[in-house]
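Novice: My questions will all concern the structure given below.
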Number of protein chains: 2
Amino acid sequence: MPEHYDSLETRDPGEREKSLMAALPGQIAHAKRNAPGWSRILADVDPQAVRDRATLTRLPVTRKSDLPSLQKAARPFGGLNAVPAAQMGRIFASPGPIYDPGGSGPDWWRTSRALFAAGFRAGDVAVNTFAYHFTPAGAMLESGAVALGCAVVPAGTGQTDTQVATIADLRANAYIGTPSFLKLIVEKADELGADIACLAKAAVGAEYLPPALRAAMKSRGIRVLQSYASADVGMIAYESEALEGMILDEGLLLEIVRVGTGEPVEQGEVGEVVVTSFNADYPLIRFGTGDLSAVLPGASPCGRTNTRIRGWLGRADQATKVKGMFVHPAQIAEIVKRHPEVVKARLVVDNPGGSDRMTLRCEVRNDSAASLATAIADTLRSVTKLRGEVILANPGELPSDGKVIEDAKTYG
Amino acid sequence: MPEHYDSLETRDPGEREKSLMAALPGQIAHAKRNAPGWSRILADVDPQAVRDRATLTRLPVTRKSDLPSLQKAARPFGGLNAVPAAQMGRIFASPGPIYDPGGSGPDWWRTSRALFAAGFRAGDVAVNTFAYHFTPAGAMLESGAVALGCAVVPAGTGQTDTQVATIADLRANAYIGTPSFLKLIVEKADELGADIACLAKAAVGAEYLPPALRAAMKSRGIRVLQSYASADVGMIAYESEALEGMILDEGLLLEIVRVGTGEPVEQGEVGEVVVTSFNADYPLIRFGTGDLSAVLPGASPCGRTNTRIRGWLGRADQATKVKGMFVHPAQIAEIVKRHPEVVKARLVVDNPGGSDRMTLRCEVRNDSAASLATAIADTLRSVTKLRGEVILANPGELPSDGKVIEDAKTYG
């Protein structure tokens with residue numbers, strides 16, 4: 001049984017980086033030429049100049065949270081699509097609402113590499129329990145499995161009795177879906193006395209996988225591996241049998257940025273996952289997913305040489321209300337920008353005695369003036385229209401968890 | 001706007017018939033060579049000899065009701081598939097259970113012709129409310145709409161609020177689904193005050209379409225046309241703007257047979273829909289759908305020259321219980337076969353005074369002997385292990401509604 005999906009996975013990292021950088025100007029030019037949304041967003045960008053990460057960093061980040069308003073102004077995809085919607089074939093709908101395209105080429109969302117890493121092979125019979133209605137999750141994983149040569153049962157979520165009967169009838173050996181639904185199926189099979197010992201592998205995602213659940217499945221002969229994908233980007237990263245973080249998909253360029261900004265964090269720090277994808281139909285240039293993660297240093301023992309990340313570590317949407325007013329991470333970023341002495345800032349919001357309070361903790365350079373705190377407090381008030389205390393800290397003192405706004409309010 | 005999907009639709013009927021007959025030997029040979037199930041079922045058949053309808057009539061009918069046992073013996077498709085399941089890509093599950101394949105070629109179920117007749121065109125935005133989970137309905141219509149160049153929202157059934165919001169947001173102009181769910185969506189839009197005036201056409205199926213509902217939708221600017229498809233065969237027949245019966249799809253060979261037999265009924269009589277399909281992956285040779293219909297004589301005013309049928313007229317599964325024992329249409333066919341004087345028979349089961357009673361009404365040739373009724377009653381008892389009365393009738397006296405067993409029992 002082959003260990004890797006293709007030779008891209010085991011490339012020299014320098015070669016991969018060179019190849020991504022070489023593809024960047026073409027993709028940006030394509031997006032500007034064929035997608036009116038990108039043409040506007042990247043109006044000032046010369047595609048041919050974007051040949052390294054430092055230059056890429058100067059391009060604006062377009063966030064998932066921007067999509068509802070972009071799309072409202074230009075249905076269905078905010079002009080970010082480079083081919084017409086009808087030509088791609090499918091329009092999915094997520095809460096927001098956010099509309100996402102689905103193309104019909106083989107493995108349009110690049111999920112087959114992750115399924116391969118989870119042990120999926122041609123001839124497998126896979127029950128796909130991700131939903132197909134409105135959300136693209138079902139179609140995303142189905143197209144990858146079919147591209148691998150698997151037979152897929154488009155089962156969707158629910159109907160647990162039928163799930164069990166289908167697995168038993170067809171001797172299905174593979175599961176695709178959430179970890180919690182896998183647990184429900186296994187429990188239902190036990191309850192019905194149905195033989196589903198055929199089930200040997202599971203590719204799970206979309207929610208937290210408790211280690212105890214993975215262990216319990218392993219003891220039943222089901223190997224569970226996770227992946228991390230999103231409706232707009234497709235596959236982002238996946239586990240391999242090495243079980244050390246998640247390996248980045250080959251079709252993406254990843255950055256981890258400080259929440260609310262477009263600036264990369266230090267290596268290993270938690271920040272927002274920003275990707276540039278090379279999909280020709282729906283190019284995404286510096287797309288802020290709103291998810292938090294961090295790069296895991298080193299290479300995977302499985303032989304795959306791509307960057308590893310720590311998986312999904314939460315949401316970057318840290319807007320919170322203070323005295324009835326919203327405060328956004330972008331406002332904290334603005335404050336940091338106005339004071340070059342500030343390396344990093346974190347707004348802590350609590351409510352002692354039931355009254356909201358803001359404290360802005362700032363890591364500052366060692367040579368900063370003592371008057372800096374007062375100046376920052378003025379800026380804080382000017383930007384947020386709210387008063388708050390400023391506490392200076394030394395570099396490295398603030399937690400490195402990707403949080404720019406920490407909501408520590410308690411109720412009751 | 002073009003009126004016809006292609007020139008096949010307006011062919012001279014003789015030319016169509018010649019083309020179907022010319023394709024028959026090749027399809028039978030393909031099925032026998034590549035599908036072990038057909039190889040067994042058609043063991044005695046010389047494909048090259050099957051070049052006309054009379055010869056085709058001598059081939060066995062394989063019924064939808066045979067699939068559960070055929071499939072139980074050979075998962076997943078009873079050996080009726082000519083390419084491996086994993087190569088086709090998808091396995092659907094219907095109650096029975098019956099497993100149906102889904103291929104990935106464009107318009108694998110031949111639904112785009114029917115959608116075209118319903119007014120669907122490239123660039124349309126269609127909300128597809130047929131379910132995608134387990135059943136192939138959603139995928140069947142989606143693939144046809146995508147092949148036409150429509151953008152499809154894979155909405156599935158339910159979530160009526162989201163359906164309305166999506167139609168309004170995307171200015172969807174087309175609906176695919178059941179008539180009753182269309183009614184629910186329109187009512188929900190009224191309740192929410194949502195503007196879905198964009199909706200102009202609907203392709204409906206899978207259940208009865210009340211004429212009043214069609215009229216109500218028309219008065220709102222939504223043109224509703226029906227089609228008739230099945231999970232195994234794909235598209236069978238569809239309405240055009242002429243609204244005179246349903247026009248047979250170009251990819252099928254249709255027979256209407258007397259229920260329980262493989263013998264064609266007289267032109268215009270109601271019987272079971274038996275089709276031979278030319279799908280290379282899943283060839284179906286004389287496949288009994290279990291549905292009742294009848295040929296509607298004449299040609300459609302819309303210019304399409306193919307055979308018309310009266311649509312779905314009920315189920316041919318007329319097995320019923322008499323004094324606790326099942327009686328099947330095939331048993332009635334057996335009785336008819338043993339008495340060449342009998343043209344047609346109909347078993348009426350009722351329960352006067354709460355006790356089950358069988359009456360076999362037989363159309364017989366005018367020159368039949370008076371003793372015939374007694375002889376048939378003996379055969380009835382021998383075949384069903386039940387006593388029943390036999391009443392002789394003249395040719396043409398029995399109703400022509402496709403019923404071989406009429407269950408007239410009343411309760412309470």
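Here, A, B, ... name the chains of the structure tokens in the order displayed, residue numbers run from 1 inside each chain, and ligands are numbered from 1 in the same displayed order.
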DSSP on the backbone: what in stretch 64-295 of chain B comes out alpha helix (DSSP H), as a PyMOL selection string?

Specialist: chain B and resi 67-73+85-88+112-117+137-148+160-170+179-192+211-219

Novice: Produce a table with one row for each residue of chain B that has an atom at most 6 Å from any atom of chain A, each row naming the nearest atom pair and its distance in Å at one decimal; use only C-alpha atoms; arrange rows by chain and rising residue number; format as a tab-separated table.

Specialist:
residue	atom	partner	partner_atom	distance
B:Ala86	CA	A:Ala151	CA	4.0
B:Gly89	CA	A:Ala151	CA	4.6
B:Arg90	CA	A:Val152	CA	4.7
B:Ile91	CA	A:Val153	CA	4.8
B:Phe92	CA	A:Val153	CA	5.8
B:Gly123	CA	A:Ala86	CA	5.3
B:His133	CA	A:Ala155	CA	4.8
B:Phe134	CA	A:Ala155	CA	4.8
B:Val146	CA	A:Gly89	CA	5.3
B:Gly149	CA	A:Ala86	CA	5.8
B:Cys150	CA	A:Ala86	CA	5.0
B:Ala151	CA	A:Ala86	CA	4.0
B:Val152	CA	A:Arg90	CA	4.7
B:Val153	CA	A:Ile91	CA	4.8
B:Pro154	CA	A:His133	CA	5.6
B:Ala155	CA	A:His133	CA	4.8
B:Gly156	CA	A:His133	CA	5.1

Novice: Restricting the output to N, CA, C and O atoms, write the selected residues as a compact mmCIF listing (two decimals), in the first residue's frame.

Specialist:
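After the write, selection04.txt holds the following:
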# COMPACT_ATOMS: atom_id res chain seq x y z
N ALA B 86 -17.51 0.85 -7.35
CA ALA B 86 -16.58 1.92 -6.98
C ALA B 86 -16.24 2.79 -8.19
O ALA B 86 -15.94 3.96 -8.06
N GLY B 89 -19.09 5.29 -8.58
CA GLY B 89 -18.88 6.37 -7.62
C GLY B 89 -19.86 6.43 -6.47
O GLY B 89 -19.48 6.65 -5.35
N ARG B 90 -21.16 6.24 -6.75
CA ARG B 90 -22.12 6.42 -5.67
C ARG B 90 -23.07 5.25 -5.54
O ARG B 90 -23.45 4.63 -6.53
N ILE B 91 -23.44 4.96 -4.31
CA ILE B 91 -24.44 3.93 -4.03
C ILE B 91 -25.55 4.59 -3.24
O ILE B 91 -25.32 5.10 -2.14
N PHE B 92 -26.77 4.59 -3.78
CA PHE B 92 -27.91 5.15 -3.08
C PHE B 92 -28.71 4.03 -2.44
O PHE B 92 -28.62 2.87 -2.85
N GLY B 123 -27.92 29.31 -17.37
CA GLY B 123 -27.94 30.57 -16.64
C GLY B 123 -29.04 30.66 -15.60
O GLY B 123 -29.00 31.54 -14.74
N HIS B 133 -29.99 12.76 0.49
CA HIS B 133 -29.51 11.78 1.48
C HIS B 133 -30.14 10.41 1.25
O HIS B 133 -31.36 10.28 1.30
N PHE B 134 -29.32 9.42 1.00
CA PHE B 134 -29.72 8.04 0.70
C PHE B 134 -30.39 7.93 -0.67
O PHE B 134 -29.98 7.16 -1.52
N VAL B 146 -27.34 20.89 -14.07
CA VAL B 146 -25.96 21.36 -14.27
C VAL B 146 -25.54 21.13 -15.72
O VAL B 146 -24.90 21.98 -16.34
N GLY B 149 -26.50 23.81 -17.87
CA GLY B 149 -25.85 25.10 -17.62
C GLY B 149 -26.54 25.94 -16.57
O GLY B 149 -26.32 27.14 -16.48
N CYS B 150 -27.38 25.30 -15.75
CA CYS B 150 -28.02 26.02 -14.64
C CYS B 150 -27.09 26.01 -13.43
O CYS B 150 -26.25 25.13 -13.28
N ALA B 151 -27.27 27.00 -12.54
CA ALA B 151 -26.65 26.97 -11.22
C ALA B 151 -27.67 26.37 -10.27
O ALA B 151 -28.80 26.84 -10.19
N VAL B 152 -27.28 25.32 -9.56
CA VAL B 152 -28.21 24.60 -8.69
C VAL B 152 -27.87 24.82 -7.23
O VAL B 152 -26.71 24.68 -6.83
N VAL B 153 -28.87 25.17 -6.44
CA VAL B 153 -28.70 25.20 -4.99
C VAL B 153 -29.18 23.84 -4.46
O VAL B 153 -30.36 23.52 -4.56
N PRO B 154 -28.27 23.02 -3.93
CA PRO B 154 -28.68 21.71 -3.41
C PRO B 154 -29.36 21.89 -2.06
O PRO B 154 -28.75 21.76 -1.01
N ALA B 155 -30.64 22.20 -2.09
CA ALA B 155 -31.33 22.64 -0.88
C ALA B 155 -31.89 21.49 -0.06
O ALA B 155 -31.97 21.56 1.16
N GLY B 156 -32.33 20.44 -0.73
CA GLY B 156 -32.99 19.36 -0.01
C GLY B 156 -34.35 19.80 0.48
O GLY B 156 -34.76 20.96 0.29

Novice: Between B:Gly271, B:Pro210, B:Pro297, B:Gly205, which one has atoms that come closest to B:Leu313, using only C-alpha atoms?

Specialist: B:Gly271

Novice: Using only C-alpha atoms, which of A:Ser371, A:Gln48, A:Ser65, A:Ser112 sits nearest A:Asp291?

Specialist: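 Result for the nearest residue to A:Asp291: A:Ser65.
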
Novice: Show which residues sit within 7 Å of A:Ala408, as a list in words. Count only C-alpha atoms, and ignore same-chain residues fewer than 3 positions away.

Specialist: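 Counting only the stated atoms, we get Val348, Val349 and Asp350 of chain A.
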